[in-house]
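Asks: Structure provided below as structure tokens; questions to follow.
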Amino acid sequence: MNVRSVVLRWIPSVLTLLLLAGCNFNARQSYLDPKGIIAERQFDLFMVTVWVTAGIFVAVGGALAWTIWRYRERRGQEGDAIPSQSHGNPVVEIGLIVVSVGLLVVIAVPTLREIWFTHDMPKDDEVSVLASWYEGETATGAEEEVLTIKATGWQWWFAFEYPQLGIVTGNEFAIPAGKTVRVELRGGDVIHSFWVPKIAGKVDMIPGRNNWMWIRTDEPGYYYGQCAEFCGEAHAYMQFRVQVLPEEEFEQWVAERQRPPSPPAGEDWDEFIQLALNEPQSLPDKPAVLGAKLFFGKGACLQCHAIDGTIAQGLAGPNLTYVGDNGSIAAGWMEHAGMDGKIDPEQQYENLYEWIRRSEEIKPGNKMYDVPGGLKDVDLTDEDVGHLAAFLMTLKSEDDEPRELALFR
Amino acid sequence: MKSETTFQSTTMAPPVESPVHEPPVDRPAGRPRSNIGLVRPDGRGFLVDWLTTVDHKKIGIMYFVFAMGFFLVGGIEALLIRAQLAVAENNLVSPQTYNQLFTMHGTTMIFLAVMPLSSAFFNLLIPLQIGARDVAFPRLNAFSLWTFVAGAVIINLSWFFQAAEALGWFGVAGGHTDMVPAVGWFGYAPLTMTEYSGIGTDFWIFGLQVLGIASIAAALNFIVTIINFRAPGMKMMRLPVFTWMTLITSLLIIFAFPPITVALGQVMFDRFFGTSFFNVEGGGQPILWQHLFWIFGHPEVYILILPAMGIISEILPTFSRKPLFGYSLVVFSGAVIGFLGFAVWSHHMFTTGLGKVATAAFSLLTMAIAVPTGVKIFNWIGTLWGGRIKFSVPMVLALGFIFMFMMGGFSGIMHSSAPADAQQQDSYFVVAHFHYVLIGGSILAILAGTYFWLPKFTGRMWYGSLGYWMSGLVLVGFNLTFFPMHFLGLIGMPRRTHSYLEGTGWQPLNIVCTIGAFLLAFGILLFLIDLIRTVRKGPPAGNDPWDGRTLEWSIPSPPPVYNFAKTPVVKARDALWADKHGSSRQKLGGVESGSHGIHMPSNSWMPLVASAGLLLVGVSMALKQAGVPFCGYLAIGGLVITTVGIYLWALEGPGGYHLHPRPNEGGARS
């Protein structure tokens, strides 16, 4: 029969080819390429389930296929007497149940072990408490705790707060390599879910519940995360990044973040604001300065966004203090850093520009545009938007080479 | 206690002296009137007859036709989803439309396609398989059908309001402009609160609520029918397995729907009357919704799959020419699945922070439910073993079902391991898993069942090789669509995402899935073509084309309006097979209907009226949320219509007339 030969011969081979061509198991959000301890343990457990079920599939599916082949009706058999009418065989039936239960135990035992492993903070963790490795200042009483990050999901972005260190970031955050980190998970409005496949499986961020998880990875790098619980219109556009930094770099990162970034003109932000208010003509006429004036003035950005150390203290949107260091904008949707985390400034400028200019098209429903007093009510020229982008690019750590580029004339 | 009184049970209302109890006649006499003097709509034209019918076969056919229609709607929604996802960073549909599409796809396929398709089979088959005249409550049965249609219309009307909004003909007074449900088929609070979603959620709440009424009414009807209306000798352990699975499914429905009814009521109160069941600021708990939803939602999975297992358990023995292997174990494992189905709901919530002990308990219970499921597969193989397997189209689909269902079952076992599930939950791995169960399981079984029983209910036999091409295309398209989704999930693609970035590496597999989806759709198209051409010009099927095993094959095709001319007296399991091939003691007996003939109830408008009231309630409440004036009163009006409908229905009595089948006009063999 034609159909059967198609089904039996062609389909499996075509499928296999397509799968081989289409699968990159180390894709950046692949959990088949685990880098964190929890992800590794979850992967190993997953593979136990794969081998057990694949074994059963081969055995049972093979038996089924063989039975179908062996007992098919052959040509000329149609009129023959009916086959022997067996109604069942208790020994076989009960035997198969016992075997099934046995195979499930093979999965159940490591499952229980991993449930306890992932739910309990590691006990041998003297090396991770802040006092054992962190040199700088911490909040009182935090020395004997591990580094804690409070992650809050909002429609449609993530806030990351380091209560022990006094840092807040938006959509991208950093953790030290080789240290256990506790992540407190909160839902700000609706339910979101925190998922960095290479570091750990997801845990939901639910309003009214104090969920948490611990994570640890020994491998520094730039990791990709995404909201994994449907949370409304722009759910697909709600992503985040984790930088895993070697211990010293992480301390450096913290030290930088604890200072405000330098203003585009003047000694400090107070001076800049004073000048901008009282003697605007004394400020240099460069894009970043003009952008800063828009940020604090006509653009009304400060209503929702914060830049630490300045009068911008809005809480409704991501904290922008060091947004220039982020490898992406628009909650991870517009990228200007590769998988090494290195930023391409031209791309960054373009992304910032496009995002401010066309946020409603890029991420429909986003609350930067579509709220009363949002960008839909602010009349920014293309030039204004360019200035704002230039300003945001200056909100970055000092030691990189200057990004005040030739881009803007 | 079973005796020849079976037929009299259809006249359960108090005995009534009405004109219809005239001396027996062969066909309806004039215009019968109900107890309260209204004319009953008997013997009218085609349309009125179908709108008012209380015949389980006609109701079953209408369930099938409506559900197939919604199956196509859900399928088109699925194709739009796949088209959007075919390439990275695509913008074929907007994010909001995409969210509406997947919400409506899920809601439609579960509540408006698979469940009513199962109901179609219940309606068509149960009275015939147990040797009964009809279901216990024929008018309640019609009410279930029309209430299902009302719920389906409420949900889908939202598309028209959205279109009207796009054209500027309709708007909401403040708040969100989305009018089609966009909260996902499990509508997690607090996304369903008024702050976060528009009147689409109201259409969804009221649609589901009305569908729940339909399901519970139907389930009670079938439970009563199966327990009480069995032919003499049809002991419980002689019931066909499909009837058993219907009974278990119906029991699941009456226990599973109350929690969702309560939960939907709470959402409605939060949205309309400012309560705080799910609002954290007001002291509510969003997680409560998930518990209430999934203690309905998981049994719902078995509500969708147990009828399919029943269908498969009828087809495999027939085309192997052997009885079902381990009948009692298959029945028992079905019951165990139904029971355990209520004890595993939190495996949908492994990532919500249940704590260690709860997570462990639900992990183990979920693994446990794999055992009775495995038992069914082993017994199906045992049925085939030593048989003589005939590759008719229903059999090809049934064998495909076993393989596909096994795959879905195995990914289910992978999910039961909670820590591994933390990576799979809400990813495309889950999407692959449940489509293997729902398409590879339920839909394949429904296709198989359609080919199996089509000759019985149309009197015509499908012909040619189109059915085989259809089966091949459906199986290939299905696997091409959903097998790669396992890998998409493994490499991190979350479900319910409108788009994805090029850099994620999800592009190649997505295009494969999309191609597969269109192949699958083409297969379904062939199915419909084959269906229609069989109904139109298939050759006569005869009473018993497959050498069938159960009572429905003992009567003419299509079955006469009264089903059995003589009440069959059952002597063995697989009653008809035993009659044909068993010992002389296993021959079917027959009980004559006696001098008064077979009682046929009158048609009735009342079920349709009661359902129409519910339709009005649902639509008005959604529009009330949109700020349309007077809609609250309209909703109250709808409730009044439903109440009046049910009241008149209670008063009008069964009515009816009597038939005397001529000798040899079909019925139990003797």
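Following the order of the structure tokens, chains are lettered A, B, ..., residues in each are numbered from 1, and ligands are numbered from 1.
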Give me the chain B side of the contact with chain A, cut-off 7 Å, one line per residue showing its nearest atom pair and distance in Å at one decimal, counting only C-alpha atoms, sorted by chain and residue number, as a Markdown table.
Replies:
| residue | atom | partner | partner_atom | distance |
| --- | --- | --- | --- | --- |
| B:Pro95 | CA | A:Glu233 | CA | 6.1 |
| B:Gln96 | CA | A:Glu233 | CA | 5.4 |
| B:Asn99 | CA | A:Glu233 | CA | 6.9 |
| B:Val183 | CA | A:Gly232 | CA | 6.9 |
| B:Pro190 | CA | A:Val190 | CA | 5.4 |
| B:Leu191 | CA | A:Val190 | CA | 5.7 |
| B:Val280 | CA | A:Gly208 | CA | 5.7 |
| B:Gln285 | CA | A:Gly208 | CA | 6.3 |
| B:Pro286 | CA | A:Pro207 | CA | 6.9 |
| B:Arg321 | CA | A:Ile82 | CA | 6.6 |
| B:Lys322 | CA | A:Gln85 | CA | 5.4 |
| B:Pro323 | CA | A:His87 | CA | 6.1 |
| B:Leu324 | CA | A:His87 | CA | 6.6 |
| B:Phe325 | CA | A:Gly88 | CA | 4.7 |
| B:Gly326 | CA | A:Gly88 | CA | 4.4 |
| B:Thr351 | CA | A:Val203 | CA | 4.7 |
| B:Thr352 | CA | A:Asp204 | CA | 5.1 |
| B:Gly353 | CA | A:Asn211 | CA | 5.9 |
| B:Lys356 | CA | A:Trp116 | CA | 6.4 |
| B:Ala360 | CA | A:Leu112 | CA | 6.2 |
| B:Leu364 | CA | A:Ala108 | CA | 6.7 |
| B:Met367 | CA | A:Leu104 | CA | 6.6 |
| B:Val371 | CA | A:Ser100 | CA | 6.4 |
| B:Val375 | CA | A:Ile97 | CA | 6.8 |
| B:Ile381 | CA | A:Leu64 | CA | 5.8 |
| B:Leu384 | CA | A:Thr67 | CA | 6.6 |
| B:Trp385 | CA | A:Thr67 | CA | 5.8 |
| B:Gly386 | CA | A:Tyr71 | CA | 6.0 |
| B:Gly387 | CA | A:Pro83 | CA | 5.8 |
| B:Arg388 | CA | A:Glu73 | CA | 5.1 |
| B:Ile389 | CA | A:Arg72 | CA | 4.4 |
| B:Lys390 | CA | A:Glu73 | CA | 5.4 |
| B:Phe403 | CA | A:Gly61 | CA | 6.9 |
| B:Phe410 | CA | A:Thr53 | CA | 5.8 |
| B:Met414 | CA | A:Thr49 | CA | 5.5 |
| B:Ser417 | CA | A:Thr111 | CA | 5.5 |
| B:Ala418 | CA | A:Thr111 | CA | 6.9 |
| B:Pro419 | CA | A:Gln42 | CA | 5.7 |
| B:Ala420 | CA | A:Gln42 | CA | 4.9 |
| B:Ala422 | CA | A:Gly201 | CA | 4.6 |
| B:Gln423 | CA | A:Gly201 | CA | 4.3 |
| B:Asp426 | CA | A:Ala228 | CA | 6.1 |
| B:Tyr468 | CA | A:Val3 | CA | 6.8 |
| B:Trp469 | CA | A:Val3 | CA | 6.4 |
| B:Gly472 | CA | A:Val3 | CA | 6.2 |
| B:Val476 | CA | A:Ile11 | CA | 6.9 |
| B:Pro484 | CA | A:Leu19 | CA | 6.9 |
| B:Leu490 | CA | A:Tyr31 | CA | 6.0 |
| B:Ile491 | CA | A:Ser30 | CA | 3.5 |
| B:Gly492 | CA | A:Gln29 | CA | 4.8 |
| B:Pro494 | CA | A:Ala228 | CA | 5.8 |
| B:Arg496 | CA | A:Phe230 | CA | 6.4 |
| B:Thr497 | CA | A:Ala236 | CA | 4.3 |
| B:His498 | CA | A:Ala236 | CA | 5.5 |
| B:Ser499 | CA | A:Ala236 | CA | 6.2 |
| B:Thr504 | CA | A:Arg28 | CA | 6.0 |
| B:Gly505 | CA | A:Ala27 | CA | 5.8 |
| B:Pro508 | CA | A:Gly22 | CA | 4.9 |
| B:Leu509 | CA | A:Gly22 | CA | 5.3 |
Asks: Using DSSP on the backbone coordinates, identify the residues of segment 20-269 of chain A assigned to strand (DSSP E or B); present them as an NGL selection string.
Replies: :A and (36 or 72 or 129 or 146-154 or 157-162 or 167-170 or 172-176 or 181-187 or 192-196 or 200-205 or 211-215 or 217 or 221-227 or 239-245)
Asks: What separation in Å, quoted to one decimal, exists between atom CA of Leu124 of chain B and atom CA of His56 of chain B?
Replies: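 According to the coordinates, atom CA of Leu124 of chain B and atom CA of His56 of chain B are separated by 6.3 Å.
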Asks: Contacts of Glu248 of chain A at 10 Å or less, counting only C-alpha atoms, minus same-chain residues fewer than 5 places along, as a list in words?
Replies: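 Skipping anything fewer than 5 positions along the chain leaves Trp133, Tyr134, Glu135, Pro176, Ala177, Trp253 and Val254 of chain A.
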Asks: Looking at only C-alpha atoms, which of B:Leu648, B:Gln625, B:Asn510, B:Ala517 is the one that sits closest to Leu473 of chain B?
Replies: B:Ala517
Asks: Identify, on the basis of only C-alpha atoms, every residue whose closest approach to Phe161 of chain B does not exceed 9 Å; exclude the query and any residue fewer than 2 positions from it along the same chain; express the result as a count of residues only.
Replies: 12
Asks: I'd like the neighbourhood of segment 349-356 of chain A as JSON, numbers by chain, where a residue qualifies if any of its atoms comes within 7 Å (using only C-alpha atoms), though same-chain residues fewer than 2 positions away should be ignored.
Replies: {"A": [329, 330, 334, 345, 346, 347, 358, 359, 385, 386, 389, 390]}
Asks: Please write the residues from the selection above to a file, keeping N, CA, C and O atoms, as a PDB file, in the first residue's frame.
Replies:
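result16.pdb, freshly written:
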ATOM      1  N   ILE A 329      17.806  47.076  25.144  1.00  0.00           N
ATOM      2  CA  ILE A 329      16.823  48.040  25.625  1.00  0.00           C
ATOM      3  C   ILE A 329      15.455  47.446  25.310  1.00  0.00           C
ATOM      4  O   ILE A 329      15.366  46.440  24.618  1.00  0.00           O
ATOM      5  N   ALA A 330      14.407  48.055  25.822  1.00  0.00           N
ATOM      6  CA  ALA A 330      13.046  47.548  25.625  1.00  0.00           C
ATOM      7  C   ALA A 330      12.914  46.152  26.215  1.00  0.00           C
ATOM      8  O   ALA A 330      12.417  45.226  25.576  1.00  0.00           O
ATOM      9  N   MET A 334      15.405  44.752  22.071  1.00  0.00           N
ATOM     10  CA  MET A 334      16.308  45.387  21.101  1.00  0.00           C
ATOM     11  C   MET A 334      17.722  45.228  21.618  1.00  0.00           C
ATOM     12  O   MET A 334      18.090  45.735  22.663  1.00  0.00           O
ATOM     13  N   PRO A 345      28.276  50.353  20.004  1.00  0.00           N
ATOM     14  CA  PRO A 345      27.671  51.669  20.279  1.00  0.00           C
ATOM     15  C   PRO A 345      26.749  52.166  19.163  1.00  0.00           C
ATOM     16  O   PRO A 345      25.734  52.793  19.449  1.00  0.00           O
ATOM     17  N   GLU A 346      27.101  51.899  17.932  1.00  0.00           N
ATOM     18  CA  GLU A 346      26.227  52.393  16.861  1.00  0.00           C
ATOM     19  C   GLU A 346      24.860  51.761  16.951  1.00  0.00           C
ATOM     20  O   GLU A 346      23.827  52.419  16.826  1.00  0.00           O
ATOM     21  N   GLN A 347      24.874  50.439  17.175  1.00  0.00           N
ATOM     22  CA  GLN A 347      23.618  49.718  17.320  1.00  0.00           C
ATOM     23  C   GLN A 347      22.859  50.225  18.535  1.00  0.00           C
ATOM     24  O   GLN A 347      21.643  50.393  18.516  1.00  0.00           O
ATOM     25  N   ARG A 358       9.615  54.984  18.303  1.00  0.00           N
ATOM     26  CA  ARG A 358       8.538  54.131  17.800  1.00  0.00           C
ATOM     27  C   ARG A 358       8.149  53.042  18.803  1.00  0.00           C
ATOM     28  O   ARG A 358       7.824  51.926  18.421  1.00  0.00           O
ATOM     29  N   SER A 359       8.179  53.377  20.072  1.00  0.00           N
ATOM     30  CA  SER A 359       7.971  52.306  21.055  1.00  0.00           C
ATOM     31  C   SER A 359       6.629  51.604  20.876  1.00  0.00           C
ATOM     32  O   SER A 359       6.518  50.398  21.090  1.00  0.00           O
ATOM     33  N   VAL A 385      14.664  63.191  20.061  1.00  0.00           N
ATOM     34  CA  VAL A 385      14.831  61.778  20.352  1.00  0.00           C
ATOM     35  C   VAL A 385      16.301  61.392  20.236  1.00  0.00           C
ATOM     36  O   VAL A 385      16.845  60.659  21.077  1.00  0.00           O
ATOM     37  N   GLY A 386      16.971  61.922  19.209  1.00  0.00           N
ATOM     38  CA  GLY A 386      18.400  61.661  19.061  1.00  0.00           C
ATOM     39  C   GLY A 386      19.176  62.147  20.274  1.00  0.00           C
ATOM     40  O   GLY A 386      20.080  61.472  20.773  1.00  0.00           O
ATOM     41  N   ALA A 389      18.634  59.802  23.183  1.00  0.00           N
ATOM     42  CA  ALA A 389      19.415  58.579  23.010  1.00  0.00           C
ATOM     43  C   ALA A 389      20.874  58.836  23.360  1.00  0.00           C
ATOM     44  O   ALA A 389      21.513  58.028  24.056  1.00  0.00           O
ATOM     45  N   ALA A 390      21.381  59.978  22.912  1.00  0.00           N
ATOM     46  CA  ALA A 390      22.785  60.305  23.204  1.00  0.00           C
ATOM     47  C   ALA A 390      22.995  60.434  24.710  1.00  0.00           C
ATOM     48  O   ALA A 390      23.986  59.952  25.257  1.00  0.00           O
TER      49      ALA A 390
END
